[in-house]
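J.: One structure, as C-alpha cells, below. Some questions next.
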Amino acid sequence: MDTAQDLGTLAHATAERLARRHVGVAVAVVAGERVGYAAAGTTGRADGGTPGADTLFEIGSVTKTFTALALARMAVAGTVELDEPLARLLPEGTSVPSRDGQEITLRHLATHTSGLPRLPKGMMLRALLRPRTPDPYAGCTADVLLSGLARTRLGSTPGRRVRYSNLGAGILGLALARRAGTTYERLVTGQVCAPLGMSATVVAADAAPPGLLAQGHDSRRRPTPAWNLADLAGAGGLRSSAADLVTYVRAQLDGGGPAELAKAIRLTREVEHRANGFAWTHLGWRGHRLHPRQGAHVQIWHNGGTGGFASFVGFDPETRTGVIVLSNTQHAVDGPAFELLRTLQTRAA
C-alpha cells in the first residue's frame, strides 16, 4: 500500500501535468486512511501564491452530488419520498410537464431521468445571442425557472432514459429548499456540510473566508467573473476546497458522519439507473466499470465546470481510493483525474 509520501508524489505529478494548461490546480488523493495533496500554478489573485488545500474553487456540477445527498437525507428522515411528484414541493398552481401519464419525481431529477432539457427554457437562445455574457445563470430566479418549466416539453418519458439536465438538478435543489423552509445554501450546510465538518463549502462568494477564493480564468487564461447561479444553485453553485472534498470523499468511502447521514450516503448508491451495459447513474453520481484489461474497477464520479473553473471528484468504494482535482481555468481536468484514479485503484487492488 502507498505511503502518504507516495500519494503526494502521485498528486504532484498530476498537478504539474495540468499546470501546463491551467492557471492553477489543487490535487488530493485518498487511499485508505492516507491522503496526499499537491498544487501547482497560482490562485490568480493579486497577492499571487500557489493554491493550497484550503483554497476555494467553484466546483460546478459536482454540486449536484450534494443536492442529491440532501435529498437522500430528507428521504431517510421522512421529510420527502424519492418517488414523490415534484409538483407537491412547488408553489400551488405551478405547472409541471409530464409525458405518457408519468409525472416527474424527485428520483427522476436526481438520476437525470426526468426528461427535462439540459438548460432552462430560452437559455440556449440567450447564450447564442449574447455568447460573452459573464454569468449566464444570473437571471435564473425561482419565478423565471418555474415560469419556464410550465412551457417546457419533456424529451422522454420520466424514468425511461438518462438525459443530463442542469435544469432538473437546479429545480430539485429549489424544491427541497422550499420543502425544508430555507435557502439552498442553508439546506446543504445543514444536511451535508455541517455534519461532516466541511466549514469552507459555501454558495455565496462573500460567505467564504477572506483571501481563500481563487480567481477563475477562461480557456485563454483571462480572468473571468464569478458565477452566481441564483435559484439554480443546486445544479452547480457551490464553492469548495480540496480539504473539504477529501472529507466528503472519505464519507462516501467509509460512511462517516452521523448515522443518518451514513444511511443517506448508502441510499444514494442503492438507487441505480442503467444508462447502458457499462454505465449508470446513482442519486447525483455517475458510475461505470472499467474494461477487464484496466482492472474492471468501479469508478463513481462527477465533474464540473463554470466560466472560470473545472473540477473532478471520483472514488472507488471497493479499493477505498479517491481523487479530487480542482482548477481555476475553464479547461476540463477529467483525463488526468481518471488516469490518477486508475493508478490508485491498480496499486490498491
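Simple scheme: letters A, B, ... for chains in C-alpha cells order, numbers from 1 for residues in each chain, numbers from 1 for ligands in the order shown.
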Sort by chain and increasing residue number a table of all residues of range 183-246 of chain A within 8 Å of range 70-88 of chain A, each with its closest pair of atoms and their distance in Å to one decimal, counting only C-alpha atoms, and write it as a Markdown table.
T.:
```
| residue | atom | partner | partner_atom | distance |
| --- | --- | --- | --- | --- |
| A:Leu187 | CA | A:Ala70 | CA | 7.3 |
| A:Val188 | CA | A:Ala70 | CA | 6.3 |
| A:Gln191 | CA | A:Ala70 | CA | 5.6 |
| A:Val192 | CA | A:Ala70 | CA | 6.5 |
```
J.: Near range 298-305 of chain A, counting only C-alpha atoms, which residues have an atom at most 8 Å away, once you skip same-chain residues fewer than 2 positions from it, shown as a count of residues only?
T.: 29
J.: As number ranges by chain, please: the residues near Tyr37 in chain A (cut-off 6 Å, only C-alpha atoms, same-chain neighbours under 5 positions excluded).
T.: A: 8, 27-28
J.: Which polymer residues have any atom within 10 Å of an atom of range 90-92 of chain A, counting only C-alpha atoms, with same-chain residues fewer than 2 positions away left out, as a PyMOL selection string?
T.: chain A and resi 85-88+94-96+146+171-172+174-176+178-179
J.: How many Å lie between CA of Ala348 in chain A and CA of Leu245 in chain A, rounded to one decimal?
T.: 20.7 Å
J.: Per DSSP on the backbone, what are the helix (DSSP H, G or I) residues of range 51-258 of chain A, as number ranges by chain?
T.: A: 60-77, 86-89, 106-110, 123-129, 142-150, 166-180, 184-196, 205-207, 230-235, 242-254
J.: Take the residues that were just selected and, keeping C-alpha atoms, output them as a PDB file, in the first residue's frame.
T.:
```pdb
ATOM      1  CA  GLY A  60     -19.723  23.484 -10.796  1.00  0.00           C
ATOM      2  CA  SER A  61     -21.738  20.321 -11.333  1.00  0.00           C
ATOM      3  CA  VAL A  62     -20.046  18.419  -8.505  1.00  0.00           C
ATOM      4  CA  THR A  63     -22.659  20.426  -6.564  1.00  0.00           C
ATOM      5  CA  LYS A  64     -25.280  18.022  -7.933  1.00  0.00           C
ATOM      6  CA  THR A  65     -23.954  15.255  -5.658  1.00  0.00           C
ATOM      7  CA  PHE A  66     -24.543  17.488  -2.626  1.00  0.00           C
ATOM      8  CA  THR A  67     -28.079  18.246  -3.798  1.00  0.00           C
ATOM      9  CA  ALA A  68     -28.777  14.531  -4.217  1.00  0.00           C
ATOM     10  CA  LEU A  69     -27.333  13.724  -0.789  1.00  0.00           C
ATOM     11  CA  ALA A  70     -29.583  16.373   0.756  1.00  0.00           C
ATOM     12  CA  LEU A  71     -32.485  14.595  -0.974  1.00  0.00           C
ATOM     13  CA  ALA A  72     -31.362  11.251   0.448  1.00  0.00           C
ATOM     14  CA  ARG A  73     -31.059  12.684   3.961  1.00  0.00           C
ATOM     15  CA  MET A  74     -34.554  14.133   3.771  1.00  0.00           C
ATOM     16  CA  ALA A  75     -35.861  10.818   2.428  1.00  0.00           C
ATOM     17  CA  VAL A  76     -34.234   8.942   5.332  1.00  0.00           C
ATOM     18  CA  ALA A  77     -35.816  11.419   7.745  1.00  0.00           C
ATOM     19  CA  LEU A  86     -42.077  17.226  -7.972  1.00  0.00           C
ATOM     20  CA  ALA A  87     -45.304  19.215  -8.195  1.00  0.00           C
ATOM     21  CA  ARG A  88     -46.025  18.606  -4.496  1.00  0.00           C
ATOM     22  CA  LEU A  89     -42.913  20.563  -3.481  1.00  0.00           C
ATOM     23  CA  LEU A 106     -37.578  13.606  -7.088  1.00  0.00           C
ATOM     24  CA  ARG A 107     -35.817  10.348  -8.001  1.00  0.00           C
ATOM     25  CA  HIS A 108     -36.061  11.273 -11.679  1.00  0.00           C
ATOM     26  CA  LEU A 109     -34.460  14.665 -11.059  1.00  0.00           C
ATOM     27  CA  ALA A 110     -31.545  13.211  -9.056  1.00  0.00           C
ATOM     28  CA  MET A 123     -31.462  29.965 -22.046  1.00  0.00           C
ATOM     29  CA  MET A 124     -29.803  28.445 -25.112  1.00  0.00           C
ATOM     30  CA  LEU A 125     -31.187  31.223 -27.308  1.00  0.00           C
ATOM     31  CA  ARG A 126     -29.936  33.877 -24.868  1.00  0.00           C
ATOM     32  CA  ALA A 127     -26.487  32.254 -24.846  1.00  0.00           C
ATOM     33  CA  LEU A 128     -26.373  32.304 -28.661  1.00  0.00           C
ATOM     34  CA  LEU A 129     -27.432  35.944 -28.818  1.00  0.00           C
ATOM     35  CA  ALA A 142     -37.381  30.923  -8.938  1.00  0.00           C
ATOM     36  CA  ASP A 143     -40.050  32.874 -10.833  1.00  0.00           C
ATOM     37  CA  VAL A 144     -38.147  32.596 -14.119  1.00  0.00           C
ATOM     38  CA  LEU A 145     -37.412  28.883 -13.635  1.00  0.00           C
ATOM     39  CA  LEU A 146     -40.963  27.906 -12.704  1.00  0.00           C
ATOM     40  CA  SER A 147     -42.481  30.017 -15.467  1.00  0.00           C
ATOM     41  CA  GLY A 148     -40.155  28.342 -17.972  1.00  0.00           C
ATOM     42  CA  LEU A 149     -40.888  24.905 -16.518  1.00  0.00           C
ATOM     43  CA  ALA A 150     -44.561  25.338 -17.331  1.00  0.00           C
ATOM     44  CA  ASN A 166     -28.834  21.212 -15.200  1.00  0.00           C
ATOM     45  CA  LEU A 167     -32.418  22.397 -15.098  1.00  0.00           C
ATOM     46  CA  GLY A 168     -33.583  19.235 -13.339  1.00  0.00           C
ATOM     47  CA  ALA A 169     -30.848  19.355 -10.691  1.00  0.00           C
ATOM     48  CA  GLY A 170     -31.438  23.045 -10.077  1.00  0.00           C
ATOM     49  CA  ILE A 171     -35.200  22.568  -9.748  1.00  0.00           C
ATOM     50  CA  LEU A 172     -34.523  19.709  -7.306  1.00  0.00           C
ATOM     51  CA  GLY A 173     -32.434  21.993  -5.094  1.00  0.00           C
ATOM     52  CA  LEU A 174     -35.109  24.676  -5.256  1.00  0.00           C
ATOM     53  CA  ALA A 175     -37.875  22.196  -4.411  1.00  0.00           C
ATOM     54  CA  LEU A 176     -36.011  20.640  -1.468  1.00  0.00           C
ATOM     55  CA  ALA A 177     -35.196  24.044  -0.003  1.00  0.00           C
ATOM     56  CA  ARG A 178     -38.850  25.015  -0.315  1.00  0.00           C
ATOM     57  CA  ARG A 179     -39.985  21.827   1.469  1.00  0.00           C
ATOM     58  CA  ALA A 180     -37.431  22.491   4.239  1.00  0.00           C
ATOM     59  CA  TYR A 184     -30.487  26.090  -0.812  1.00  0.00           C
ATOM     60  CA  GLU A 185     -27.235  27.086   0.889  1.00  0.00           C
ATOM     61  CA  ARG A 186     -28.655  26.548   4.371  1.00  0.00           C
ATOM     62  CA  LEU A 187     -30.176  23.261   3.247  1.00  0.00           C
ATOM     63  CA  VAL A 188     -26.845  21.848   2.040  1.00  0.00           C
ATOM     64  CA  THR A 189     -24.976  23.243   5.026  1.00  0.00           C
ATOM     65  CA  GLY A 190     -27.405  21.682   7.478  1.00  0.00           C
ATOM     66  CA  GLN A 191     -27.923  18.363   5.734  1.00  0.00           C
ATOM     67  CA  VAL A 192     -24.388  17.666   4.452  1.00  0.00           C
ATOM     68  CA  CYS A 193     -21.594  20.102   5.236  1.00  0.00           C
ATOM     69  CA  ALA A 194     -22.066  20.836   8.958  1.00  0.00           C
ATOM     70  CA  PRO A 195     -22.470  17.157   9.960  1.00  0.00           C
ATOM     71  CA  LEU A 196     -19.189  16.376   8.183  1.00  0.00           C
ATOM     72  CA  ALA A 205     -18.662  34.125  -2.579  1.00  0.00           C
ATOM     73  CA  ASP A 206     -18.943  36.696   0.199  1.00  0.00           C
ATOM     74  CA  ALA A 207     -19.548  33.868   2.698  1.00  0.00           C
ATOM     75  CA  ALA A 230     -29.265  32.293  -8.395  1.00  0.00           C
ATOM     76  CA  ASP A 231     -32.075  29.784  -7.684  1.00  0.00           C
ATOM     77  CA  LEU A 232     -30.468  27.163  -9.943  1.00  0.00           C
ATOM     78  CA  ALA A 233     -27.656  26.791  -7.366  1.00  0.00           C
ATOM     79  CA  GLY A 234     -28.472  23.110  -6.810  1.00  0.00           C
ATOM     80  CA  ALA A 235     -27.081  22.398 -10.280  1.00  0.00           C
ATOM     81  CA  ALA A 242      -9.559  20.156  -1.682  1.00  0.00           C
ATOM     82  CA  ALA A 243      -9.523  19.660   2.091  1.00  0.00           C
ATOM     83  CA  ASP A 244     -13.313  19.787   2.404  1.00  0.00           C
ATOM     84  CA  LEU A 245     -13.754  17.467  -0.570  1.00  0.00           C
ATOM     85  CA  VAL A 246     -11.343  14.924   0.935  1.00  0.00           C
ATOM     86  CA  THR A 247     -13.685  14.842   3.938  1.00  0.00           C
ATOM     87  CA  TYR A 248     -16.607  14.411   1.547  1.00  0.00           C
ATOM     88  CA  VAL A 249     -14.945  11.528  -0.328  1.00  0.00           C
ATOM     89  CA  ARG A 250     -13.952   9.796   2.899  1.00  0.00           C
ATOM     90  CA  ALA A 251     -17.581   9.902   3.987  1.00  0.00           C
ATOM     91  CA  GLN A 252     -18.528   8.282   0.670  1.00  0.00           C
ATOM     92  CA  LEU A 253     -15.954   5.538   1.238  1.00  0.00           C
ATOM     93  CA  ASP A 254     -16.424   4.923   4.948  1.00  0.00           C
TER      94      ASP A 254
END
```
J.: Quick one: distance from CA of Leu340 in chain A to CA of Val35 in chain A in Å, one decimal?
T.: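 Distance reported for this atom pair: 13.7 Å.
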J.: Figure out the distance between CA of Val23 in chain A and CA of Pro134 in chain A, please, to one decimal in Å.
T.: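 Rounded to one decimal, the two atoms are 18.8 Å apart.
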J.: Could you name the residues that touch Ser114 in chain A at 8 Å or less, counting only C-alpha atoms, but leaving out those on the same chain fewer than 3 positions away, as a ChimeraX atom specification?
T.: /A:104-105,108-109,111,154,156-159,162-163,168
J.: Give me the residues near Leu18 in chain A as a list of chain:residue names, where near means some atom within 10 Å (using only C-alpha atoms) and where sequence neighbours in that chain fewer than 2 positions away do not count.
T.: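 Near neighbours after the sequence-gap exclusion: A:His12, A:Ala13, A:Thr14, A:Ala15, A:Glu16, A:Arg20, A:Arg21, A:His22, A:Val23, A:Gly24, A:Val25, A:Ala26, A:Val27, A:Ala39, A:Ala40, A:Gly41, A:Val325, A:Ser327, A:His331, A:Ala332, A:Val333, A:Gly335, A:Pro336, A:Ala337.
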J.: Which of these, A:Ala138, A:Tyr164, A:Arg153, A:Gly237, has the shortest distance to Arg118 in chain A once you count only C-alpha atoms?
T.: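 Looking at the shortest contact to Arg118 in chain A, the residue is A:Tyr164.
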J.: Neighbouring residues of Ser241 in chain A were defined as those with any atom within 6 Å, considering only C-alpha atoms; residues of the same chain fewer than 6 positions away were excluded. Please report them as a PyMOL selection string.
T.: chain A and resi 54-56
J.: As a list in words, list the residues of range 62-223 of chain A assigned to strand (DSSP E or B) by DSSP on the backbone atoms of this structure.
T.: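 Result set for range 62-223 of chain A (strand (DSSP E or B)): Pro85, Arg99, Gln102, Thr105, Val202, Leu213, His217 and Pro223 of chain A.
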J.: Would you save the residues from that selection as a JSON list (two decimals), in the first residue's frame, using N, CA and C atoms?
T.:
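Saved to selection.json:
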```
[["chain", "number", "residue", "atom", "x", "y", "z"],
["A", 85, "PRO", "N", -44.02, 13.13, -6.37],
["A", 85, "PRO", "CA", -44.05, 14.02, -7.54],
["A", 85, "PRO", "C", -43.45, 15.39, -7.22],
["A", 99, "ARG", "N", -45.33, 13.26, -19.25],
["A", 99, "ARG", "CA", -45.38, 12.61, -20.57],
["A", 99, "ARG", "C", -45.86, 11.17, -20.39],
["A", 102, "GLN", "N", -46.87, 9.94, -17.00],
["A", 102, "GLN", "CA", -45.87, 9.78, -15.94],
["A", 102, "GLN", "C", -45.41, 11.16, -15.44],
["A", 105, "THR", "N", -40.69, 12.81, -10.75],
["A", 105, "THR", "CA", -40.50, 12.62, -9.31],
["A", 105, "THR", "C", -39.11, 13.12, -8.90],
["A", 202, "VAL", "N", -19.36, 26.64, 0.51],
["A", 202, "VAL", "CA", -20.39, 27.68, 0.52],
["A", 202, "VAL", "C", -20.94, 27.89, -0.88],
["A", 213, "LEU", "N", -10.49, 32.57, -1.85],
["A", 213, "LEU", "CA", -11.12, 32.33, -3.15],
["A", 213, "LEU", "C", -10.10, 32.45, -4.28],
["A", 217, "HIS", "N", -10.45, 31.67, -14.55],
["A", 217, "HIS", "CA", -9.90, 32.08, -15.84],
["A", 217, "HIS", "C", -10.58, 31.30, -16.96],
["A", 223, "PRO", "N", -8.82, 36.38, -16.80],
["A", 223, "PRO", "CA", -9.69, 36.37, -15.61],
["A", 223, "PRO", "C", -11.16, 36.47, -16.00]]
```
J.: Of the candidates A:Ser165, A:Ala349, A:Tyr137, A:Pro117, which one gets nearest to Gly284 in chain A if we count only C-alpha atoms?
T.: A:Ser165
J.: For Val203 in chain A, which residue among A:Ser98, A:His112, A:Phe57, A:Arg293 is the nearest when counting only C-alpha atoms?
T.: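 When distances to Val203 in chain A are compared using only C-alpha atoms, the smallest one comes from A:Phe57.
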